[in-house]
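Printed here is protein_39.cif (mmCIF, C-alpha atoms):
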data_query
loop_
_atom_site.label_atom_id
_atom_site.label_comp_id
_atom_site.auth_asym_id
_atom_site.auth_seq_id
_atom_site.Cartn_x
_atom_site.Cartn_y
_atom_site.Cartn_z
CA MET A 1 27.80 -7.56 -48.70
CA GLN A 2 29.29 -9.22 -45.66
CA PRO A 3 32.58 -7.29 -45.86
CA LEU A 4 30.71 -3.98 -45.79
CA ALA A 5 28.72 -5.07 -42.76
CA PHE A 6 31.94 -6.14 -41.08
CA PHE A 7 33.47 -2.74 -41.77
CA ALA A 8 30.43 -0.90 -40.45
CA ILE A 9 30.29 -2.97 -37.28
CA VAL A 10 33.98 -2.67 -36.45
CA THR A 11 34.11 1.07 -36.98
CA THR A 12 30.94 1.57 -34.97
CA LEU A 13 32.25 -0.37 -32.02
CA PHE A 14 35.33 1.80 -31.51
CA PRO A 15 33.55 4.98 -30.39
CA LEU A 16 31.50 2.82 -28.04
CA SER A 17 34.44 1.06 -26.53
CA ILE A 18 37.03 3.82 -26.33
CA SER A 19 35.47 7.14 -25.60
CA PRO A 20 32.85 9.47 -27.06
CA GLU A 21 35.37 12.34 -26.99
CA LEU A 22 35.89 13.33 -30.60
CA ALA A 23 39.37 14.66 -29.92
CA ARG A 24 40.53 11.26 -28.70
CA LEU A 25 38.77 9.41 -31.50
CA ARG A 26 40.32 11.65 -34.11
CA GLU A 27 43.77 10.48 -32.99
CA ILE A 28 43.03 6.88 -33.83
CA ALA A 29 40.50 7.41 -36.63
CA SER A 30 42.93 6.76 -39.46
CA GLY A 31 44.24 3.55 -37.95
CA VAL A 32 40.77 2.24 -37.14
CA LEU A 33 39.41 2.98 -40.61
CA TRP A 34 42.34 1.40 -42.36
CA VAL A 35 42.59 -1.75 -40.28
CA ALA A 36 38.85 -2.28 -40.66
CA ALA A 37 39.04 -1.65 -44.41
CA LEU A 38 42.00 -4.02 -44.79
CA LEU A 39 40.27 -6.82 -42.90
CA ALA A 40 37.03 -6.26 -44.79
CA ALA A 41 38.89 -6.40 -48.09
CA LEU A 42 40.60 -9.64 -47.03
CA LEU A 43 37.20 -11.10 -46.17
CA ALA A 44 35.91 -10.14 -49.59
CA LEU A 45 38.81 -11.81 -51.39
CA GLU A 46 37.53 -15.29 -50.72
CA PHE A 47 34.71 -15.04 -53.18
CA LEU A 48 36.77 -13.63 -56.05
CA PHE A 49 37.23 -17.00 -57.75
CA ARG A 50 35.28 -19.34 -55.49
CA ASP A 51 31.99 -19.55 -57.39
CA ASP A 52 33.68 -19.85 -60.76
CA ALA A 53 35.92 -22.62 -59.48
CA HIS A 54 32.94 -24.55 -58.11
CA ASP A 55 30.72 -24.46 -61.19
CA GLY A 56 33.51 -25.14 -63.68
CA THR A 57 33.46 -21.80 -65.45
CA LEU A 58 36.98 -20.90 -64.27
CA GLU A 59 38.29 -23.97 -66.03
CA GLN A 60 36.52 -22.88 -69.20
CA TYR A 61 38.11 -19.43 -68.94
CA ALA A 62 41.51 -21.14 -68.83
CA LEU A 63 40.53 -23.14 -71.92
CA SER A 64 38.94 -20.31 -73.84
CA GLY A 65 41.90 -19.59 -76.09
CA GLN A 66 41.90 -16.03 -74.74
CA SER A 67 44.52 -14.50 -72.51
CA LEU A 68 43.81 -15.66 -68.96
CA THR A 69 45.77 -12.64 -67.70
CA TRP A 70 43.26 -10.21 -69.19
CA LEU A 71 40.33 -12.28 -67.93
CA VAL A 72 41.75 -12.32 -64.41
CA PHE A 73 42.34 -8.58 -64.64
CA ALA A 74 38.72 -8.06 -65.67
CA LYS A 75 37.47 -10.23 -62.80
CA THR A 76 39.68 -8.45 -60.30
CA THR A 77 38.52 -5.03 -61.48
CA ALA A 78 34.89 -6.13 -61.22
CA HIS A 79 35.61 -7.43 -57.73
CA TRP A 80 37.09 -4.07 -56.75
CA LEU A 81 34.09 -2.20 -58.14
CA LEU A 82 31.78 -4.40 -56.08
CA THR A 83 33.72 -4.48 -52.83
CA GLY A 84 36.42 -1.79 -52.74
CA VAL A 85 34.48 1.15 -54.14
CA PRO A 86 31.48 0.66 -51.80
CA LEU A 87 33.96 0.43 -48.94
CA ALA A 88 35.55 3.70 -50.01
CA LEU A 89 32.12 5.34 -50.19
CA MET A 90 31.04 4.02 -46.80
CA ALA A 91 34.28 4.93 -45.06
CA PRO A 92 33.49 8.69 -44.79
CA LEU A 93 30.39 7.85 -42.76
CA ALA A 94 32.46 5.74 -40.40
CA GLY A 95 35.05 8.51 -40.38
CA MET A 96 32.52 11.10 -39.29
CA SER A 97 31.50 8.92 -36.36
CA LEU A 98 35.17 8.94 -35.40
CA GLY A 99 35.40 12.71 -35.42
CA VAL A 100 36.95 13.25 -38.81
CA PRO A 101 36.34 16.80 -40.11
CA TYR A 102 34.46 17.25 -43.40
CA ALA A 103 37.49 18.72 -45.11
CA ALA A 104 39.38 15.47 -44.56
CA LEU A 105 36.80 13.22 -46.21
CA PRO A 106 38.51 13.18 -49.64
CA GLY A 107 41.56 12.00 -47.74
CA ILE A 108 39.54 8.97 -46.76
CA ILE A 109 37.72 8.16 -49.97
CA VAL A 110 40.59 8.43 -52.44
CA PRO A 111 43.26 6.49 -50.50
CA ILE A 112 40.80 3.74 -49.57
CA ALA A 113 39.61 3.45 -53.15
CA LEU A 114 43.20 3.14 -54.36
CA GLY A 115 44.23 0.89 -51.49
CA THR A 116 41.37 -1.55 -52.03
CA LEU A 117 42.27 -1.68 -55.72
CA VAL A 118 45.79 -2.77 -54.82
CA LEU A 119 44.38 -5.26 -52.31
CA SER A 120 42.06 -6.79 -54.89
CA LEU A 121 44.90 -7.12 -57.40
CA ILE A 122 47.46 -8.55 -55.01
CA GLY A 123 44.86 -10.57 -53.14
CA ALA A 124 43.85 -12.24 -56.38
CA ILE A 125 47.20 -14.06 -56.36
CA GLY A 126 46.58 -15.55 -52.93
CA ALA A 127 42.93 -16.21 -53.75
CA ALA A 128 43.94 -18.17 -56.85
CA LEU A 129 46.60 -20.15 -54.99
CA THR A 130 44.22 -21.19 -52.20
CA LEU A 131 41.35 -22.22 -54.47
CA GLY A 132 41.40 -25.91 -53.68
CA VAL A 133 42.05 -25.49 -49.99
CA ARG A 134 39.20 -25.96 -47.54
CA ARG A 135 38.62 -23.11 -45.13
CA SER A 136 41.18 -21.13 -47.01
CA GLY A 137 40.49 -17.90 -45.13
CA VAL A 138 43.42 -18.08 -42.74
CA LEU A 139 45.89 -19.20 -45.39
CA LEU A 140 44.70 -16.50 -47.74
CA THR A 141 45.15 -13.85 -45.05
CA LEU A 142 48.63 -15.11 -44.23
CA LEU A 143 49.63 -15.00 -47.90
CA THR A 144 48.21 -11.56 -48.60
CA LEU A 145 48.94 -9.72 -45.36
CA PRO A 146 52.69 -9.18 -45.90
CA LEU A 147 52.06 -7.74 -49.34
CA ALA A 148 49.24 -5.61 -47.96
CA MET A 149 51.41 -3.93 -45.34
CA PRO A 150 52.65 -1.12 -47.61
CA VAL A 151 49.06 -0.33 -48.53
CA LEU A 152 48.13 -0.09 -44.87
CA ILE A 153 51.14 2.09 -44.02
CA PHE A 154 50.80 4.55 -46.88
CA GLY A 155 47.03 4.63 -46.75
CA ALA A 156 46.82 5.23 -43.02
CA GLN A 157 49.45 7.93 -43.34
CA ALA A 158 47.48 9.64 -46.09
CA THR A 159 44.28 9.64 -44.09
CA ASP A 160 46.08 10.80 -40.96
CA LEU A 161 47.66 13.73 -42.79
CA ALA A 162 44.27 14.65 -44.21
CA ILE A 163 42.72 14.63 -40.74
CA ARG A 164 45.42 16.96 -39.49
CA GLY A 165 44.69 19.29 -42.39
CA ALA A 166 48.00 18.71 -44.16
CA SER A 167 48.53 17.70 -47.77
CA PHE A 168 48.43 13.96 -48.26
CA ALA A 169 49.92 13.98 -51.74
CA ALA A 170 53.12 12.12 -50.87
CA PRO A 171 51.60 8.89 -49.51
CA LEU A 172 48.97 9.10 -52.24
CA TYR A 173 51.67 9.06 -54.90
CA LEU A 174 53.22 6.02 -53.23
CA LEU A 175 49.83 4.30 -53.15
CA SER A 176 49.43 5.11 -56.83
CA ALA A 177 52.82 3.58 -57.53
CA LEU A 178 51.69 0.43 -55.75
CA ALA A 179 48.53 0.46 -57.85
CA VAL A 180 50.52 0.72 -61.07
CA LEU A 181 52.76 -2.13 -59.92
CA GLY A 182 49.70 -4.16 -59.05
CA VAL A 183 47.92 -3.49 -62.34
CA THR A 184 50.92 -4.47 -64.44
CA LEU A 185 52.23 -7.50 -62.56
CA ALA A 186 49.50 -8.94 -60.35
CA PRO A 187 47.19 -10.28 -63.10
CA LEU A 188 50.15 -12.15 -64.63
CA ALA A 189 50.95 -13.80 -61.31
CA ALA A 190 47.29 -14.45 -60.53
CA SER A 191 46.60 -16.11 -63.87
CA ALA A 192 49.64 -18.38 -63.37
CA ALA A 193 48.28 -19.18 -59.91
CA VAL A 194 44.88 -20.01 -61.42
CA ARG A 195 46.48 -22.47 -63.83
CA ILE A 196 48.32 -24.11 -60.96
CA SER A 197 45.11 -24.46 -58.99
CA LEU A 198 43.32 -25.98 -61.96
CA GLU A 199 45.77 -28.85 -62.29
CA MET B 1 51.06 -29.11 -94.02
CA PHE B 2 48.02 -28.91 -91.82
CA ARG B 3 47.13 -32.20 -90.21
CA ARG B 4 44.14 -32.34 -87.93
CA SER B 5 45.16 -34.89 -85.43
CA ILE B 6 45.96 -35.16 -81.79
CA GLN B 7 48.84 -37.29 -80.63
CA ALA B 8 50.01 -38.18 -77.19
CA GLU B 9 53.38 -39.73 -76.53
CA ARG B 10 54.45 -41.53 -73.37
CA LEU B 11 52.10 -39.60 -71.11
CA GLN B 12 53.03 -40.02 -67.49
CA LEU B 13 51.10 -38.31 -64.73
CA TRP B 14 51.39 -38.51 -60.98
CA ARG B 15 48.80 -37.24 -58.53
CA GLY B 16 50.56 -37.02 -55.20
CA GLU B 17 51.90 -40.50 -54.70
CA ARG B 18 49.62 -42.17 -57.21
CA LEU B 19 50.72 -42.97 -60.74
CA VAL B 20 47.58 -42.08 -62.66
CA LEU B 21 48.79 -42.37 -66.25
CA ALA B 22 51.64 -44.69 -67.03
CA GLY B 23 53.06 -44.27 -70.50
CA ILE B 24 49.92 -43.65 -72.59
CA ASP B 25 50.32 -43.30 -76.35
CA LEU B 26 47.52 -42.39 -78.70
CA GLU B 27 46.83 -40.81 -82.04
CA VAL B 28 43.44 -39.74 -83.35
CA GLY B 29 43.09 -38.16 -86.78
CA ALA B 30 40.43 -36.21 -88.67
CA GLY B 31 37.08 -37.98 -88.78
CA GLU B 32 38.14 -40.44 -86.10
CA MET B 33 36.69 -41.03 -82.66
CA LEU B 34 38.39 -42.50 -79.62
CA GLN B 35 36.41 -43.97 -76.76
CA VAL B 36 38.26 -44.09 -73.47
CA THR B 37 36.83 -46.57 -71.01
CA GLY B 38 37.89 -47.82 -67.64
CA ALA B 39 36.75 -48.34 -64.11
CA ASN B 40 36.08 -45.42 -61.79
CA GLY B 41 39.35 -43.87 -60.75
CA SER B 42 41.33 -45.33 -63.64
CA GLY B 43 42.30 -41.90 -64.89
CA LYS B 44 39.85 -41.15 -67.72
CA THR B 45 39.22 -37.62 -66.54
CA SER B 46 42.91 -37.07 -65.86
CA LEU B 47 43.73 -38.23 -69.37
CA LEU B 48 41.26 -35.81 -70.94
CA ARG B 49 42.48 -32.92 -68.81
CA THR B 50 46.06 -33.73 -69.71
CA LEU B 51 45.17 -33.71 -73.40
CA CYS B 52 43.63 -30.25 -72.82
CA GLY B 53 46.92 -28.96 -71.57
CA LEU B 54 45.54 -28.22 -68.12
CA VAL B 55 47.93 -30.47 -66.27
CA GLN B 56 51.73 -30.48 -66.11
CA LEU B 57 53.07 -33.84 -67.20
CA GLU B 58 55.94 -35.68 -65.56
CA ASP B 59 56.88 -37.13 -68.91
CA GLY B 60 55.55 -37.23 -72.42
CA ARG B 61 53.95 -34.65 -74.64
CA VAL B 62 50.73 -33.81 -76.43
CA LEU B 63 50.77 -32.75 -80.07
CA TRP B 64 48.04 -31.08 -82.08
CA ALA B 65 48.56 -30.79 -85.82
CA GLY B 66 52.12 -31.90 -85.24
CA ARG B 67 53.05 -29.18 -82.79
CA ASN B 68 53.54 -29.47 -79.06
CA VAL B 69 50.48 -27.88 -77.51
CA TYR B 70 52.53 -26.27 -74.75
CA GLU B 71 54.30 -24.09 -77.31
CA ASP B 72 51.11 -22.17 -77.93
CA LEU B 73 48.37 -23.16 -75.51
CA GLN B 74 46.07 -20.34 -76.55
CA ALA B 75 46.07 -21.36 -80.20
CA PHE B 76 45.43 -24.97 -79.24
CA HIS B 77 42.56 -24.04 -76.95
CA SER B 78 40.87 -21.99 -79.62
CA GLN B 79 40.67 -25.19 -81.68
CA MET B 80 39.37 -27.33 -78.88
CA ALA B 81 36.17 -27.86 -76.93
CA TYR B 82 36.37 -29.56 -73.52
CA LEU B 83 33.36 -30.61 -71.51
CA GLY B 84 33.94 -31.90 -67.99
CA HIS B 85 31.71 -33.86 -65.65
CA GLU B 86 29.70 -30.87 -64.57
CA PRO B 87 28.20 -28.53 -67.16
CA PRO B 88 30.11 -25.25 -66.76
CA LEU B 89 27.09 -23.02 -66.30
CA LYS B 90 26.43 -20.17 -63.91
CA ALA B 91 23.32 -20.96 -61.90
CA ASP B 92 21.87 -17.45 -61.82
CA LEU B 93 22.06 -16.78 -65.55
CA THR B 94 19.69 -18.20 -68.13
CA ALA B 95 20.83 -20.82 -70.59
CA ARG B 96 20.94 -18.21 -73.31
CA GLU B 97 23.03 -15.80 -71.23
CA ASN B 98 25.39 -18.59 -70.24
CA LEU B 99 26.01 -19.41 -73.88
CA GLN B 100 26.40 -15.74 -74.71
CA TYR B 101 29.28 -15.38 -72.28
CA TRP B 102 30.78 -18.83 -72.40
CA VAL B 103 31.01 -18.98 -76.19
CA GLY B 104 31.05 -15.23 -76.78
CA ILE B 105 34.42 -15.02 -75.08
CA ARG B 106 35.88 -17.16 -77.86
CA ARG B 107 34.16 -15.87 -80.97
CA PRO B 108 31.51 -13.38 -82.04
CA LEU B 109 28.05 -14.79 -81.61
CA GLY B 110 24.64 -13.59 -82.74
CA THR B 111 21.30 -14.15 -81.06
CA ALA B 112 20.18 -16.25 -84.00
CA ASP B 113 23.15 -18.60 -83.58
CA ILE B 114 22.33 -19.17 -79.93
CA THR B 115 18.66 -19.72 -80.64
CA ALA B 116 19.52 -22.23 -83.35
CA ALA B 117 21.85 -24.15 -81.03
CA LEU B 118 19.28 -24.20 -78.22
CA GLU B 119 16.65 -25.51 -80.63
CA ARG B 120 19.08 -28.18 -81.83
CA VAL B 121 19.48 -29.62 -78.33
CA GLY B 122 15.80 -29.33 -77.53
CA ALA B 123 16.16 -26.38 -75.18
CA GLY B 124 14.01 -23.93 -77.13
CA ALA B 125 11.21 -23.93 -74.58
CA TRP B 126 13.27 -23.37 -71.46
CA GLY B 127 16.28 -21.52 -72.80
CA ASP B 128 15.38 -18.34 -70.97
CA GLN B 129 14.99 -19.73 -67.48
CA PRO B 130 17.74 -19.45 -64.85
CA VAL B 131 19.97 -22.50 -64.97
CA ARG B 132 19.43 -23.30 -61.31
CA THR B 133 15.83 -24.21 -62.15
CA LEU B 134 16.90 -26.78 -64.73
CA SER B 135 17.37 -30.49 -64.22
CA ALA B 136 20.74 -32.18 -64.62
CA GLY B 137 19.76 -33.47 -68.06
CA GLN B 138 18.67 -30.04 -69.21
CA LYS B 139 21.93 -28.51 -68.04
CA ARG B 140 23.79 -31.19 -69.95
CA ARG B 141 21.88 -30.24 -73.09
CA VAL B 142 22.79 -26.58 -72.68
CA ALA B 143 26.42 -27.62 -72.28
CA LEU B 144 26.15 -29.57 -75.54
CA ALA B 145 24.71 -26.50 -77.23
CA GLY B 146 27.83 -24.66 -76.14
CA VAL B 147 30.07 -27.31 -77.63
CA ILE B 148 28.20 -27.01 -80.94
CA LEU B 149 28.61 -23.24 -80.92
CA PHE B 150 32.36 -23.48 -80.28
CA ALA B 151 32.72 -24.88 -83.80
CA ALA B 152 36.02 -26.44 -82.78
CA PRO B 153 37.75 -29.24 -84.70
CA LEU B 154 38.72 -31.14 -81.55
CA TRP B 155 36.20 -32.34 -79.00
CA LEU B 156 37.23 -33.73 -75.62
CA LEU B 157 34.10 -34.85 -73.82
CA ASP B 158 34.00 -36.41 -70.38
CA GLU B 159 30.93 -38.66 -70.10
CA PRO B 160 28.80 -36.45 -72.37
CA ALA B 161 25.63 -38.54 -72.07
CA THR B 162 25.22 -38.63 -68.28
CA HIS B 163 21.78 -37.65 -67.03
CA LEU B 164 20.39 -37.71 -70.56
CA ASP B 165 17.29 -39.67 -71.53
CA ALA B 166 17.24 -42.03 -74.52
CA GLU B 167 16.49 -39.21 -76.92
CA GLY B 168 19.34 -37.21 -75.42
CA GLN B 169 21.74 -40.09 -75.89
CA ARG B 170 20.76 -40.28 -79.56
CA LEU B 171 21.34 -36.52 -79.78
CA VAL B 172 24.89 -36.94 -78.49
CA GLY B 173 25.48 -39.68 -81.05
CA THR B 174 24.15 -37.48 -83.85
CA LEU B 175 26.23 -34.49 -82.81
CA ILE B 176 29.35 -36.60 -82.77
CA ASP B 177 28.46 -38.02 -86.18
CA GLU B 178 28.15 -34.51 -87.58
CA GLN B 179 31.42 -33.47 -86.02
CA LEU B 180 33.22 -36.47 -87.47
CA SER B 181 31.76 -36.06 -90.94
CA SER B 182 33.03 -32.48 -91.04
CA GLY B 183 36.54 -33.74 -90.36
CA GLY B 184 36.62 -33.17 -86.63
CA VAL B 185 38.39 -35.24 -83.99
CA VAL B 186 36.44 -36.60 -81.04
CA ILE B 187 37.73 -38.17 -77.85
CA VAL B 188 35.16 -39.23 -75.26
CA ALA B 189 35.43 -40.85 -71.88
CA VAL B 190 32.46 -43.14 -71.36
CA HIS B 191 31.22 -46.04 -69.33
CA GLN B 192 29.13 -47.46 -72.15
CA ASP B 193 29.14 -47.08 -75.91
CA LEU B 194 27.57 -44.01 -77.45
CA PRO B 195 25.11 -44.44 -80.32
CA VAL B 196 27.50 -43.22 -83.02
CA ARG B 197 26.62 -44.47 -86.46
CA SER B 198 29.10 -43.05 -88.90
CA THR B 199 32.18 -44.86 -87.70
CA GLU B 200 33.41 -47.63 -85.48
CA PRO B 201 35.17 -45.86 -82.62
CA ARG B 202 38.70 -46.75 -81.66
CA ARG B 203 38.99 -47.84 -78.07
CA LEU B 204 41.38 -47.26 -75.24
CA GLU B 205 40.90 -49.07 -71.99
CA LEU B 206 42.52 -47.60 -68.92
CA SER B 207 43.26 -49.76 -65.96
CA ALA B 208 43.90 -48.47 -62.49
CA ALA B 209 47.65 -48.47 -62.03
#

Exercise: express the given structure as structure tokens:
Amino acid sequence: MQPLAFFAIVTTLFPLSISPELARLREIASGVLWVAALLAALLALEFLFRDDAHDGTLEQYALSGQSLTWLVFAKTTAHWLLTGVPLALMAPLAGMSLGVPYAALPGIIVPIALGTLVLSLIGAIGAALTLGVRRSGVLLTLLTLPLAMPVLIFGAQATDLAIRGASFAAPLYLLSALAVLGVTLAPLAASAAVRISLE
Amino acid sequence: MFRRSIQAERLQLWRGERLVLAGIDLEVGAGEMLQVTGANGSGKTSLLRTLCGLVQLEDGRVLWAGRNVYEDLQAFHSQMAYLGHEPPLKADLTARENLQYWVGIRRPLGTADITAALERVGAGAWGDQPVRTLSAGQKRRVALAGVILFAAPLWLLDEPATHLDAEGQRLVGTLIDEQLSSGGVVIVAVHQDLPVRSTEPRRLELSAA
């Protein structure tokens, strides 16, 4: 639950530190929400494989005779359901404190839900590679951040368009394309990374 | 022709700058048991993990039933049970739930099968408590129950009798006896002999390189 608390704290601090004027907050709302969501998702990535690596169950998954790719995909999806979806559901509340109109709320929930899915998938690769490393947080962030940039750009654009009352279909399609790319390729890469870490 | 045997040829493994395995050869057939001994740090665990196909070798190969295991790792793993130093159990699940997921991922499993395996290792009374409340010996017994349920022809066990009392040690010996008499292959890494009655185990002594 730490990532959610982080997200709530960060988004709450902006209205306090910048200005209570909703008009001004609305300008930066999309950026604030997305940076906070990205950082929260990166925080959450650390525990994707950590417990399983410590108690030896990850090794048994790799030795189960089943496709490790599918198992990693299942784990990543579960991780998204536990971290990304709650983030997407909490984001509208943070958005409202930043002056986002009600009509724009779907433009927050849907892109963040999709964006966190992509982050979980792509982040799984970095999380698997940094399994044996102590205090892997910084290394994990460095590995995942470049790949997360498109998510941030398209997602923030989608939310910004929604706040202005325009259609946000275009960046949403691009986010969906990223999600499809992530779903098809990321579990393959992540399962290879898991095998490397288990050596 | 189907031959149940594991062979290793010229295994060479480096860990960083250390040569851990230097040209190991072995062959263990159906109904045979190999005991790997050696001082701490001599590479027993590394050898077992290499035989599992978990580690990339610098040189050499591992064969199961005459085929290189790397050609089809999944098929090899479905015939193999590996138990490491620590029992691979999730602390917040009960012993029964652990077995349900750990073994259930490999093959369909009924409640009766799990109950029978838990009874076999003496875990009937505490099989439904969370694993974090169990002692090291009890966790080891649950891990052994999992190995039984795998029903795999090849067993690779890393110090299977640690933390077990005298009765537990006899249990390990009996389980290995049963596995061998059904034509299975067993390789164990141990510090002292296991009470196995059906056969005289072959031995491999590793020395720190």

Checklist line | Selection under test: the PyMOL selection byres ((chain A) within 9 of (chain B)); residues as a VMD selection string | finding: chain A and resid 51 to 52 55 to 67 195 to 196 198 to 199

Skip Ser182 in chain B itself and residues of its chain fewer than 6 positions away, then list as an mmCIF file with C-alpha atoms, keeping the file's coordinate frame all residues within 10 Å of it, counting all atoms listed in the file.
data_model
loop_
_atom_site.group_PDB
_atom_site.id
_atom_site.type_symbol
_atom_site.label_atom_id
_atom_site.label_comp_id
_atom_site.auth_asym_id
_atom_site.auth_seq_id
_atom_site.Cartn_x
_atom_site.Cartn_y
_atom_site.Cartn_z
ATOM 1 C CA ALA B 30 40.430 -36.210 -88.670
ATOM 2 C CA GLY B 31 37.080 -37.980 -88.780
ATOM 3 C CA PRO B 153 37.750 -29.240 -84.700
ATOM 4 C CA ILE B 176 29.350 -36.600 -82.770
#

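In this comparison, which uses all atoms listed in the file, the residue of A:Gly155, A:Gly182, A:Gly123, A:Gly95 approaching Thr12 in chain A most closely is A:Gly95.
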
Checklist line | Expected selection from the PyMOL selection byres ((chain A and resi 115-120) around 7), given as a PyMOL selection string | finding: chain A and resi 41+45+76+80+84+111-114+121-124+148+151+155+175+178-179+182

Checklist line | Nearby residues (all atoms listed in the file) at most 12 Å from Leu194 in chain B, same-chain spacing under 3 positions excluded, as number ranges by chain | finding: B: 33-37, 157, 159-162, 164, 166, 168-177, 187-191, 197-201

Next item on the list: Decode the PyMOL selection byres ((chain A and resi 36) around 9) for the given file into explicit residues and return them as a list in words.
Entry: Phe6, Phe7, Ala8, Val10, Thr11, Gly31, Val32, Leu33, Trp34, Val35, Ala37, Leu38, Leu39, Ala40 and Ala41 of chain A

Notebook entry, point to check: Excluding same-chain residues fewer than 2 positions from Gly110 in chain B, what lies within 12 Å of it counting all atoms listed in the file, as a PyMOL selection string?
Noted result: chain B and resi 96-97+99-101+103-104+107-108+112-117+149

Output for the residues just chosen: C-alpha atoms as a short mmCIF file (atom, residue, chain, number, x, y, z; two decimals), in the coordinates of the input:
data_model
loop_
_atom_site.label_atom_id
_atom_site.label_comp_id
_atom_site.auth_asym_id
_atom_site.auth_seq_id
_atom_site.Cartn_x
_atom_site.Cartn_y
_atom_site.Cartn_z
CA ARG B 96 20.94 -18.21 -73.31
CA GLU B 97 23.03 -15.80 -71.23
CA LEU B 99 26.01 -19.41 -73.88
CA GLN B 100 26.40 -15.74 -74.71
CA TYR B 101 29.28 -15.38 -72.28
CA VAL B 103 31.01 -18.98 -76.19
CA GLY B 104 31.05 -15.23 -76.78
CA ARG B 107 34.16 -15.87 -80.97
CA PRO B 108 31.51 -13.38 -82.04
CA ALA B 112 20.18 -16.25 -84.00
CA ASP B 113 23.15 -18.60 -83.58
CA ILE B 114 22.33 -19.17 -79.93
CA THR B 115 18.66 -19.72 -80.64
CA ALA B 116 19.52 -22.23 -83.35
CA ALA B 117 21.85 -24.15 -81.03
CA LEU B 149 28.61 -23.24 -80.92
#

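Counting from CA of Ala8 in chain B, the distance to CA of Gly29 in chain B is 11.8 Å.
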
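Our summary of the geometry notes that CA of Ser167 in chain A is positioned 21.8 Å from CA of Leu22 in chain A.
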
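If all atoms listed in the file are the atoms counted, then among B:Leu13, B:Ala123, B:Val131, B:Val28 the closest residue to Lys44 in chain B is B:Leu13.
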
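Taking all atoms listed in the file into account, Val20 in chain B lies nearest to B:Leu57 out of the set B:Val185, B:Leu57, B:Ile6, B:Leu144.
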
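Reported to one decimal place, the separation of CA of Leu154 in chain B from CA of Ala65 in chain B is 10.7 Å.
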